[in-house]
Amino acid sequence: KELIGKTIVSRSGKKFGEVGDLIFEVGSGELIHLLLKNPTSYTERMELERTKEGNILVPFSAVIATGDFVVIAEEDII
């Protein structure tokens with residue numbers, strides 16, 4: 001829950017948007033995806049996985065650090 005609302009950025013500083021929600025495996029509790037809120041135009045142009053509603057998903061496996069921002073490895077999501 002501490003991640004919700006944090007800005008998602010790549011290592012190179014490109015802004016992706018904010019964490020809108022967390023998607024996890026119910027049985028194990030493992031985090032699978034971050035649901036992107038307020039995606040930037042840069043992110044909209046990328047062919048990332050989306051929900052049925054069209055929301056962009058960022059694989060949690062791409063997260064390399066959390067703090068004031070959620071930092072992702074951009075090469076891991078393309």
# chains A, B, ... in the order shown; residues from 1 in each chain; ligands from 1
$ residues_around --residues "Gly20 in chain A" --least-positions-apart "2" --cutoff "7 Å" --atoms "only C-alpha atoms" --output "PyMOL selection string"
chain A and resi 4-5+18+35-37
$ select_by_dssp --residues "chain A" --states "helix (DSSP H, G or I)" --output "MDAnalysis selection string"
chainID A and resid 41:45 60:62 74:76
$ atom_distance --atom1 "CA of Phe60 in chain A" --atom2 "CA of His33 in chain A"
4.8 Å
$ closest_residue --among "A:Thr51, A:Thr40, A:Ser61, A:Ser28" --to "Ala73 in chain A" --atoms "only C-alpha atoms"
A:Ser61
$ closest_residue --among "A:Asp21, A:Gly29, A:Ile72, A:Tyr42" --to "Leu3 in chain A" --atoms "only C-alpha atoms"
A:Asp21
$ select_by_dssp --residues "chain A" --states "strand (DSSP E or B)" --output "PyMOL selection string"
chain A and resi 7-10+15-24+31-37+50+56-59+63-66+69-72
$ residues_around --residues "Leu31 in chain A" --least-positions-apart "3" --cutoff "8 Å" --atoms "only C-alpha atoms" --output "short mmCIF file (atom, residue, chain, number, x, y, z; two decimals) with N, CA, C and O atoms, in the first residue's frame"
data_model
loop_
_atom_site.label_atom_id
_atom_site.label_comp_id
_atom_site.auth_asym_id
_atom_site.auth_seq_id
_atom_site.Cartn_x
_atom_site.Cartn_y
_atom_site.Cartn_z
N LEU A 22 -2.09 -2.30 -7.05
CA LEU A 22 -1.17 -3.43 -7.06
C LEU A 22 -1.95 -4.68 -7.44
O LEU A 22 -3.07 -4.88 -6.97
N ILE A 23 -1.36 -5.50 -8.30
CA ILE A 23 -2.01 -6.75 -8.70
C ILE A 23 -1.11 -7.87 -8.22
O ILE A 23 0.08 -7.90 -8.54
N PHE A 24 -1.69 -8.77 -7.42
CA PHE A 24 -0.87 -9.84 -6.85
C PHE A 24 -1.57 -11.18 -6.96
O PHE A 24 -2.78 -11.26 -7.17
N GLU A 25 -0.78 -12.23 -6.84
CA GLU A 25 -1.28 -13.60 -6.84
C GLU A 25 -1.97 -13.84 -5.50
O GLU A 25 -1.35 -13.69 -4.44
N PHE A 60 6.00 -6.26 -11.95
CA PHE A 60 6.70 -5.95 -10.71
C PHE A 60 8.15 -6.41 -10.77
O PHE A 60 9.02 -5.85 -10.11
#
$ residues_around --residues "Gly13 in chain A" --least-positions-apart "2" --cutoff "12 Å" --atoms "only C-alpha atoms" --output "list in words"
Thr7, Ile8, Val9, Ser10, Arg11, Lys15, Phe16, Gly17, Phe69, Val70, Val71, Ile72, Ala73 and Glu74 of chain A
$ write_last_selection --atoms "N, CA and C atoms" --output "PDB file, in the first residue's frame"
ATOM      1  N   THR A   7       5.357   7.995  -7.947  1.00  0.00           N
ATOM      2  CA  THR A   7       5.689   8.173  -9.356  1.00  0.00           C
ATOM      3  C   THR A   7       6.627   7.055  -9.803  1.00  0.00           C
ATOM      4  N   ILE A   8       6.342   6.494 -10.981  1.00  0.00           N
ATOM      5  CA  ILE A   8       7.189   5.451 -11.562  1.00  0.00           C
ATOM      6  C   ILE A   8       8.115   6.105 -12.578  1.00  0.00           C
ATOM      7  N   VAL A   9       9.414   5.876 -12.402  1.00  0.00           N
ATOM      8  CA  VAL A   9      10.415   6.415 -13.330  1.00  0.00           C
ATOM      9  C   VAL A   9      11.383   5.306 -13.725  1.00  0.00           C
ATOM     10  N   SER A  10      12.026   5.487 -14.892  1.00  0.00           N
ATOM     11  CA  SER A  10      13.049   4.537 -15.310  1.00  0.00           C
ATOM     12  C   SER A  10      14.386   4.967 -14.731  1.00  0.00           C
ATOM     13  N   ARG A  11      15.375   4.097 -14.856  1.00  0.00           N
ATOM     14  CA  ARG A  11      16.719   4.434 -14.369  1.00  0.00           C
ATOM     15  C   ARG A  11      17.241   5.706 -15.011  1.00  0.00           C
ATOM     16  N   LYS A  15       9.720   9.537 -16.926  1.00  0.00           N
ATOM     17  CA  LYS A  15       8.540   9.370 -16.082  1.00  0.00           C
ATOM     18  C   LYS A  15       7.520   8.499 -16.813  1.00  0.00           C
ATOM     19  N   PHE A  16       6.955   7.528 -16.099  1.00  0.00           N
ATOM     20  CA  PHE A  16       5.960   6.625 -16.672  1.00  0.00           C
ATOM     21  C   PHE A  16       4.550   6.946 -16.205  1.00  0.00           C
ATOM     22  N   GLY A  17       4.400   7.443 -15.013  1.00  0.00           N
ATOM     23  CA  GLY A  17       3.095   7.724 -14.429  1.00  0.00           C
ATOM     24  C   GLY A  17       3.159   7.442 -12.941  1.00  0.00           C
ATOM     25  N   PHE A  69      10.368   7.470  -5.199  1.00  0.00           N
ATOM     26  CA  PHE A  69       9.880   7.043  -6.513  1.00  0.00           C
ATOM     27  C   PHE A  69       9.960   5.523  -6.582  1.00  0.00           C
ATOM     28  N   VAL A  70       9.243   4.951  -7.560  1.00  0.00           N
ATOM     29  CA  VAL A  70       9.414   3.534  -7.890  1.00  0.00           C
ATOM     30  C   VAL A  70      10.271   3.531  -9.152  1.00  0.00           C
ATOM     31  N   VAL A  71      11.472   2.973  -9.056  1.00  0.00           N
ATOM     32  CA  VAL A  71      12.403   2.966 -10.183  1.00  0.00           C
ATOM     33  C   VAL A  71      12.317   1.607 -10.866  1.00  0.00           C
ATOM     34  N   ILE A  72      12.141   1.643 -12.203  1.00  0.00           N
ATOM     35  CA  ILE A  72      12.054   0.405 -12.962  1.00  0.00           C
ATOM     36  C   ILE A  72      13.165   0.323 -14.003  1.00  0.00           C
ATOM     37  N   ALA A  73      13.497  -0.906 -14.376  1.00  0.00           N
ATOM     38  CA  ALA A  73      14.446  -1.148 -15.452  1.00  0.00           C
ATOM     39  C   ALA A  73      13.635  -1.176 -16.740  1.00  0.00           C
ATOM     40  N   GLU A  74      13.719  -0.123 -17.517  1.00  0.00           N
ATOM     41  CA  GLU A  74      12.907   0.014 -18.720  1.00  0.00           C
ATOM     42  C   GLU A  74      13.135  -1.151 -19.687  1.00  0.00           C
TER      43      GLU A  74
END
$ atom_distance --atom1 "CA of Lys6 in chain A" --atom2 "CA of Met46 in chain A"
20.3 Å
$ closest_residue --among "A:Ile78, A:Ser12, A:Asp68, A:Val19" --to "Asn55 in chain A" --atoms "only C-alpha atoms"
A:Val19
